[in-house]
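Have a look at the structure below, then the notes.
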Protein chains: 2
Amino acid sequence: MKKGSHSLIQPVILCGGSGTRLWPVSTPVKPKPFLELVGKRTLFQQALDRVADDTRFARPLVVSGAHHQPWIAEQSRSHTLIVEPVARNTAPAIALAAARLAPDTLMLVCPSDHHIPDTAGFIEAVDAAADLAANGFLVSIGVEPTRPETGYGYIERGEAIGKGHRTARFVEKPDAERAAAYLSNGKFVWNAGIFMFRAGQLLEELSQFRPEMVEHVRSSVVSGTEIAGALHPEAGHFAAIAGESIDYALMENTDNAAVITADMGWSDIGSWASLMDALEQPVGAAADLIDCKGVMVRSDGPRVSAVGLEDVIIVVEGEEVLVVARDKAQLVASLGGARGQ
Amino acid sequence: MKKGSHSLIQPVILCGGSGTRLWPVSTPVKPKPFLELVGKRTLFQQALDRVADDTRFARPLVVSGAHHQPWIAEQSRSHTLIVEPVARNTAPAIALAAARLAPDTLMLVCPSDHHIPDTAGFIEAVDAAADLAANGFLVSIGVEPTRPETGYGYIERGEAIGKGHRTARFVEKPDAERAAAYLSNGKFVWNAGIFMFRAGQLLEELSQFRPEMVEHVRSSVVSGTEIAGALHPEAGHFAAIAGESIDYALMENTDNAAVITADMGWSDIGSWASLMDALEQPVGAAADLIDCKGVMVRSDGPRVSAVGLEDVIIVVEGEEVLVVARDKAQLVASLGGARGQ
């Protein structure tokens with residue numbers, strides 16, 4: 001897409017999640033988007049930075065829960081805000097944003113807690129997705145898989161269209177065998193949770209598959225209140241919605257799904273192991289390692305000395321010390337869930 | 001030995017060591033003897049407890065460095081004290097004690113930083129050693145080996161005598177192959193650093209092999225000063241001594257060495273791995289383990305969560321966190337040496 005050939009793209013940044021998988025650093029009180037995990041900017045700030053070019057992007061629209069408001073206010077100076085009365089997954093959140101936008105607005109829906117090291121690759125994918133979205137497609141931005149990952153959903157690419165493909169199907173997180181098959185098959189990409197579509201088309205198609213959801217969303221916006229520049233949709237209608245992901249509610253059902261394959265080094269930072277992979281230097285300053293291999297250390301103060309360890313992650317935060325085998329990092333979520341409250 | 005058939009045994013408790021192998025809990029400022037490592041009494045207190053029976057033992061004589069004095073004063077109410085001006089290993093320390101005692105006194109020399117869970121077994125060995133010492137032997141109390149340990153010295157037993165054996169030879173810490181041979185041979189016991197002899201005989205025999213050492217010790221005692229009930233030997237003479245262990249200076253040279261084999265569950269607590277073996281419950285209260293095996297946790301405050309680990313030791317003390325593979329625990333000494341000062 002040439003710059004200026006369309007109107008500005010509207011970034012919609014979704015802030016959610018309960019903050020259990022990167023416990024004890026991430027907690028429900030201060031969840032993952034608002035932490036400095038990779039570099040000196042938080043993941044939320046990096047999501048804003050990626051859409052900061054105002055010749056291409058409009059001012060970001062952030063959709064978040066009420067408990068995130070203080071962090072958003074602290075970490076961003078230029079955004080508009082919709083505060084979800086309760087969490088109802090991504091489909092209602094995206095519909096809230098769409099209901100506030102002009103129907104022909106091109107929405108770029110982005111999670112706020114992922115790591116994308118290559119902004120140029122991201123922008124290239126967004127431009128390609130914008131071309132398809134402007135032509136009536138509901139576009140996912142996917143990522144070429146580099147390993148048989150069982151922690152991500154996959155998208156199967158169908159026939160080529162524009163700079164991408166029609167979407168053949170979405171598939172849930174696979175087991176190891178199927179993940180290996182997807183990797184070798186070559187048609188599958190990781191579902192990165194990034195979407196582009198026109199706001200009006202989104203609501204129209206969602207109304208076909210989830211009419212009650214869209215009705216409740218519209219009612220909650222109409223009955224909502226503006227407080228200090230933030231929209232607070234009315235709680236009763238919104239709470240009545242059955243929570244559902246946009247993938248499940250819409251993208252798997254529509255005949256107009258397309259997928260753009262991005263080359264941008266994406267990670268969802270879904271575990272300490274995943275964060276370790278994203279870091280150039282996984283050992284902080286306050287650490288000494290002797291005879292170690294594949295060790296990550298993060299400490300908010302105390303010095304950490306590690307001796308003779310392999311593939312171990314050590315995290316010190318406040319009055320908590322976590323030591324976890326890299327290949328068991330996914331078990332941390334249960335700790336975070338039990339303790340974070 | 002029947003109680004009362006000899007005069008009281010004189011315990012001589014040696015406090016030394018620089019406190020590097022159990023870093024960060026043990027430090028030069030508060031070394032191993034004075035820490036609660038196994039149970040609620042410190043190792044020094046447990047050494048005193050073992051010789052507390054005043055129908056059998058005289059009031060303990062403690063030989064220590066000046067920097068240990070505050071801990072000794074805090075942890076013991078009933079002892080006499082000799083303060084070494086400088087550290088010169090065990091032979092001069094033992095000779096200092098002997099020079100203060102009547103020549104026919106039976107000395108029981110004990111380290112203050114070992115763990116002996118079975119006091120009855122200890123007392124039984126002491127009684128057997130006292131019989132031999134009363135009959136002119138320089139007696140070591142050794143421990144039946146239970147594994148091919150390369151961290152201990154060994155004593156080879158010769159012909160049977162009394163309830164023990166003549167000492168065939170002392171051997172230094174062996175390599176793994178020789179340690180395995182010693183274990184299967186059956187004649188070898190671990191050198192536990194516990195000795196019994198008459199004070200006069202000790203000085204007499206030591207004079208044969210190390211005449212200058214004994215001369216310097218006598219001079220430092222004669223020129224020493226008593227301060228608040230503690231003997232401070234004169235520093236110049238004592239510092240002039242070449243430091244040497246009692247094993248090396250005397251026990252390996254004498255023709256009168258004997259060894260009693262004790263059954264008392266001894267450990268020198270020479271590393272975190274060794275301490276872990278000595279503990280009935282190696283995981284403290286402030287710890288949660290998920291999917292772990294062979295994990296030890298010691299924390300002075302922060303909660304420790306361990307996930308998916310095997311044979312790992314985690315220690316939190318002040319502003320230090322140590323995570324060490326069990327089989328690399330001996331490498332901790334280098335950390336302690338570098339940081340403890």
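Ligands are numbered from 1 in the order shown, chains are lettered A, B, ... in the order of the structure tokens, and residues start at 1 in each chain.
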Among range 59-216 of chain B, which residues carry a DSSP assignment of alpha helix (DSSP H), reported as a ChimeraX atom specification? /B:69-75,90-99,119-134,176-185,199-209,211-216
Determine which residues of chain A sit within 9 Å of chain B, taking into account only C-alpha atoms, and present them as a short mmCIF file (atom, residue, chain, number, x, y, z; two decimals) with C-alpha atoms, in the first residue's frame.
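Saved result, result-v3.cif, follows:
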data_model
loop_
_atom_site.label_atom_id
_atom_site.label_comp_id
_atom_site.auth_asym_id
_atom_site.auth_seq_id
_atom_site.Cartn_x
_atom_site.Cartn_y
_atom_site.Cartn_z
CA ILE A 290 29.99 -20.76 37.43
CA ASP A 291 29.94 -23.84 35.24
CA GLY A 301 18.04 -6.67 44.01
CA PRO A 302 19.76 -9.63 45.65
CA ARG A 303 22.83 -11.08 43.98
CA VAL A 304 22.25 -14.50 42.44
CA SER A 305 25.08 -17.04 42.28
CA ALA A 306 24.44 -20.11 40.14
CA VAL A 307 26.76 -23.09 40.10
CA GLY A 308 26.72 -26.14 37.85
CA LEU A 309 23.22 -25.60 36.44
CA GLU A 310 21.88 -26.32 32.97
CA VAL A 312 17.42 -23.34 34.69
CA ILE A 314 16.07 -18.04 38.40
CA VAL A 316 14.02 -12.96 42.39
CA GLY A 318 10.31 -8.91 46.27
CA GLU A 319 9.92 -11.66 48.83
CA GLU A 320 9.65 -14.39 46.20
CA VAL A 321 12.37 -16.57 44.70
CA LEU A 322 11.48 -18.81 41.74
CA VAL A 323 13.83 -21.50 40.42
CA VAL A 324 12.39 -23.41 37.49
CA ALA A 325 13.68 -25.94 35.01
CA ARG A 326 13.39 -24.38 31.55
CA ASP A 327 11.32 -27.26 30.19
CA LYS A 328 8.86 -26.97 33.10
CA ALA A 329 8.33 -23.22 32.76
CA LEU A 331 3.96 -25.06 35.32
CA VAL A 332 4.64 -21.59 36.74
CA LEU A 335 1.89 -21.01 41.08
#
Which residues, written as a PyMOL selection string, have at least one atom at most 8 Å from Ala134 in chain A, with only C-alpha atoms counted and residues fewer than 5 positions away on the same chain left out? chain A and resi 106+197-198
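The list of residues with at least one atom within 9 Å of Thr150 in chain B, based on only C-alpha atoms and without residues fewer than 3 positions apart in the same chain, reads Gly153, Lys173, Pro174, Asp175, Ala176, Arg178 and Ala179 of chain B.
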Rounded to one decimal, what separation in Å do you get between CA of Leu132 in chain B and CA of Thr167 in chain B? 12.2 Å
With a distance cut-off of 9 Å and only C-alpha atoms, select the neighbouring residues of Leu101 in chain B, excluding the residue or stretch itself and same-chain residues fewer than 6 positions from it, and output the selection as an NGL selection string. :B and (10 or 107 or 199-200)
May I have the residues from that selection written out with N, CA and C atoms, as a PDB file, in the first residue's frame?
ATOM      1  N   GLN B  10      39.191 -34.611  79.618  1.00  0.00           N
ATOM      2  CA  GLN B  10      39.209 -33.169  79.335  1.00  0.00           C
ATOM      3  C   GLN B  10      38.862 -32.918  77.875  1.00  0.00           C
ATOM      4  N   MET B 107      43.123 -36.025  77.209  1.00  0.00           N
ATOM      5  CA  MET B 107      42.510 -35.003  76.350  1.00  0.00           C
ATOM      6  C   MET B 107      41.645 -35.667  75.279  1.00  0.00           C
ATOM      7  N   ALA B 199      47.950 -35.560  77.897  1.00  0.00           N
ATOM      8  CA  ALA B 199      48.536 -34.260  77.551  1.00  0.00           C
ATOM      9  C   ALA B 199      50.066 -34.323  77.555  1.00  0.00           C
ATOM     10  N   GLY B 200      50.628 -34.989  78.570  1.00  0.00           N
ATOM     11  CA  GLY B 200      52.086 -35.063  78.674  1.00  0.00           C
ATOM     12  C   GLY B 200      52.693 -35.863  77.536  1.00  0.00           C
TER      13      GLY B 200
END
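Remark: for Gly121 in chain B, the closest of the candidate residues B:Glu177, B:Glu172, B:Asp263, B:Glu149 is B:Asp263 (distances computed over only C-alpha atoms).
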Which residues are near range 58-62 of chain A? Cut-off 10 Å, only C-alpha atoms, ignore same chain within fewer than 5 positions. Put them as a VMD selection string. chain A and resid 7 to 15 47 to 48 51 to 53 72 78 to 83 93 97 100 to 101 107 to 110 112 230
Pull the strand (DSSP E) assignments for range 23-229 of chain A out of DSSP run on the backbone, and list those residues as JSON, numbers by chain. {"A": [61, 62, 63, 64, 65, 80, 81, 82, 83, 84, 106, 107, 108, 109, 110, 111, 138, 139, 140, 141, 142, 143, 154, 155, 156, 157, 158, 159, 160, 161, 164, 165, 166, 167, 168, 169, 170, 171, 188, 189, 190, 191, 192, 193, 194, 195, 196, 197, 198, 225, 226, 227]}
For those residues, write N, CA and C atoms to a file as a compact mmCIF listing (two decimals), in the first residue's frame.
# COMPACT_ATOMS: atom_id res chain seq x y z
N LEU A 61 -6.32 3.42 20.00
CA LEU A 61 -7.48 3.19 20.87
C LEU A 61 -7.15 1.97 21.72
N VAL A 62 -7.14 2.18 23.04
CA VAL A 62 -6.78 1.11 23.96
C VAL A 62 -8.05 0.56 24.60
N VAL A 63 -8.19 -0.77 24.63
CA VAL A 63 -9.31 -1.42 25.32
C VAL A 63 -8.72 -2.22 26.47
N SER A 64 -9.17 -1.90 27.68
CA SER A 64 -8.55 -2.53 28.84
C SER A 64 -9.56 -2.71 29.96
N GLY A 65 -9.14 -3.47 31.00
CA GLY A 65 -9.92 -3.56 32.22
C GLY A 65 -9.65 -2.37 33.13
N THR A 80 -6.74 6.99 23.12
CA THR A 80 -8.10 7.04 23.66
C THR A 80 -8.36 5.70 24.31
N LEU A 81 -9.36 5.68 25.21
CA LEU A 81 -9.48 4.50 26.07
C LEU A 81 -10.93 4.04 26.16
N ILE A 82 -11.10 2.72 26.07
CA ILE A 82 -12.38 2.09 26.41
C ILE A 82 -12.11 1.15 27.58
N VAL A 83 -12.88 1.31 28.65
CA VAL A 83 -12.67 0.50 29.85
C VAL A 83 -13.75 -0.57 29.91
N GLU A 84 -13.35 -1.82 29.73
CA GLU A 84 -14.32 -2.93 29.82
C GLU A 84 -14.84 -3.06 31.25
N LEU A 106 -10.09 1.33 8.91
CA LEU A 106 -9.29 0.11 8.93
C LEU A 106 -8.72 -0.07 10.33
N MET A 107 -9.19 -1.11 11.02
CA MET A 107 -8.73 -1.37 12.38
C MET A 107 -7.54 -2.34 12.34
N LEU A 108 -6.51 -2.02 13.12
CA LEU A 108 -5.40 -2.96 13.33
C LEU A 108 -5.45 -3.38 14.79
N VAL A 109 -5.86 -4.62 15.05
CA VAL A 109 -6.02 -5.10 16.43
C VAL A 109 -4.73 -5.78 16.88
N CYS A 110 -4.15 -5.27 17.97
CA CYS A 110 -2.86 -5.81 18.45
C CYS A 110 -2.94 -6.15 19.93
N PRO A 111 -2.43 -7.31 20.33
CA PRO A 111 -2.22 -7.57 21.76
C PRO A 111 -1.16 -6.60 22.29
N LEU A 138 -11.20 -10.15 6.16
CA LEU A 138 -10.89 -10.13 7.59
C LEU A 138 -9.53 -10.81 7.71
N VAL A 139 -8.50 -10.01 8.02
CA VAL A 139 -7.13 -10.48 7.86
C VAL A 139 -6.49 -10.80 9.21
N SER A 140 -5.87 -11.96 9.27
CA SER A 140 -4.98 -12.28 10.39
C SER A 140 -3.54 -12.06 9.95
N ILE A 141 -2.71 -11.58 10.86
CA ILE A 141 -1.28 -11.57 10.59
C ILE A 141 -0.67 -12.75 11.33
N GLY A 142 -0.07 -13.66 10.56
CA GLY A 142 0.54 -14.87 11.14
C GLY A 142 2.05 -14.81 11.05
N VAL A 143 2.68 -15.78 11.68
CA VAL A 143 4.14 -15.80 11.74
C VAL A 143 4.63 -17.18 11.31
N TYR A 154 -2.51 -22.35 15.27
CA TYR A 154 -1.95 -22.28 13.91
C TYR A 154 -3.05 -21.85 12.93
N ILE A 155 -2.62 -21.28 11.82
CA ILE A 155 -3.53 -20.93 10.72
C ILE A 155 -3.02 -21.63 9.46
N GLU A 156 -3.90 -22.35 8.78
CA GLU A 156 -3.49 -22.98 7.52
C GLU A 156 -3.78 -22.04 6.36
N ARG A 157 -2.75 -21.82 5.52
CA ARG A 157 -2.90 -20.93 4.38
C ARG A 157 -3.53 -21.66 3.20
N GLY A 158 -4.49 -21.01 2.54
CA GLY A 158 -5.10 -21.57 1.33
C GLY A 158 -4.53 -20.90 0.09
N GLU A 159 -5.40 -20.59 -0.86
CA GLU A 159 -4.91 -20.04 -2.14
C GLU A 159 -4.34 -18.62 -1.96
N ALA A 160 -3.33 -18.31 -2.77
CA ALA A 160 -2.68 -17.01 -2.68
C ALA A 160 -3.64 -15.90 -3.08
N ILE A 161 -3.54 -14.79 -2.36
CA ILE A 161 -4.37 -13.63 -2.69
C ILE A 161 -3.63 -12.38 -2.22
N GLY A 164 -0.86 -12.16 0.44
CA GLY A 164 -1.08 -13.22 1.43
C GLY A 164 -1.83 -14.39 0.85
N HIS A 165 -2.68 -14.98 1.68
CA HIS A 165 -3.44 -16.15 1.29
C HIS A 165 -4.84 -16.08 1.88
N ARG A 166 -5.78 -16.75 1.24
CA ARG A 166 -7.03 -17.02 1.92
C ARG A 166 -6.74 -17.97 3.08
N THR A 167 -7.53 -17.84 4.15
CA THR A 167 -7.35 -18.73 5.29
C THR A 167 -8.11 -20.03 5.06
N ALA A 168 -7.38 -21.14 5.07
CA ALA A 168 -8.03 -22.45 4.91
C ALA A 168 -8.73 -22.84 6.20
N ARG A 169 -8.03 -22.70 7.34
CA ARG A 169 -8.66 -23.00 8.63
C ARG A 169 -7.77 -22.54 9.78
N PHE A 170 -8.42 -22.35 10.91
CA PHE A 170 -7.71 -22.12 12.16
C PHE A 170 -7.60 -23.44 12.89
N VAL A 171 -6.47 -23.69 13.56
CA VAL A 171 -6.38 -24.89 14.40
C VAL A 171 -5.89 -24.51 15.79
N PHE A 188 1.36 -23.92 7.23
CA PHE A 188 0.83 -23.44 8.51
C PHE A 188 1.68 -22.30 9.08
N VAL A 189 1.00 -21.31 9.65
CA VAL A 189 1.70 -20.22 10.36
C VAL A 189 1.11 -20.11 11.77
N TRP A 190 1.93 -19.51 12.67
CA TRP A 190 1.43 -19.27 14.02
C TRP A 190 0.40 -18.14 14.01
N ASN A 191 -0.64 -18.30 14.80
CA ASN A 191 -1.65 -17.27 14.99
C ASN A 191 -1.14 -16.27 16.03
N ALA A 192 -0.79 -15.06 15.57
CA ALA A 192 -0.16 -14.07 16.45
C ALA A 192 -1.19 -13.17 17.14
N GLY A 193 -2.46 -13.38 16.86
CA GLY A 193 -3.48 -12.57 17.54
C GLY A 193 -3.54 -11.14 17.03
N ILE A 194 -3.01 -10.89 15.84
CA ILE A 194 -3.06 -9.55 15.22
C ILE A 194 -4.02 -9.62 14.03
N PHE A 195 -4.94 -8.65 13.96
CA PHE A 195 -5.98 -8.71 12.94
C PHE A 195 -6.19 -7.35 12.29
N MET A 196 -6.62 -7.37 11.04
CA MET A 196 -7.03 -6.13 10.37
C MET A 196 -8.35 -6.36 9.64
N PHE A 197 -9.25 -5.37 9.76
CA PHE A 197 -10.51 -5.40 9.02
C PHE A 197 -11.13 -4.01 9.11
N ARG A 198 -12.12 -3.77 8.27
CA ARG A 198 -12.89 -2.53 8.39
C ARG A 198 -13.84 -2.68 9.57
N THR A 225 -20.86 5.76 29.63
CA THR A 225 -20.55 7.11 30.08
C THR A 225 -19.10 7.44 29.75
N GLU A 226 -18.88 8.73 29.48
CA GLU A 226 -17.52 9.22 29.26
C GLU A 226 -17.01 9.81 30.57
N ILE A 227 -15.89 9.32 31.05
CA ILE A 227 -15.28 9.88 32.26
C ILE A 227 -13.83 10.20 31.93
Tell me, as a ChimeraX atom specification, which residues lie within 12 Å of Ile123 in chain A, counting only C-alpha atoms; anything in the same chain fewer than 2 positions away does not count. /A:1,3,9,49-53,56-57,108,116-121,125-130,141,260-264
Among A:Leu206, A:Leu35, A:Ala333, A:Ile269, Glu252 in chain A is approached most closely, using only C-alpha atoms, by A:Leu206
As an exercise, work out the distance from CA of Val86 in chain A to CA of Leu202 in chain A in Å and give it to one decimal place. 21.5 Å
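From CA of Gln208 in chain A back to CA of Met251 in chain A, the distance works out to 12.1 Å.
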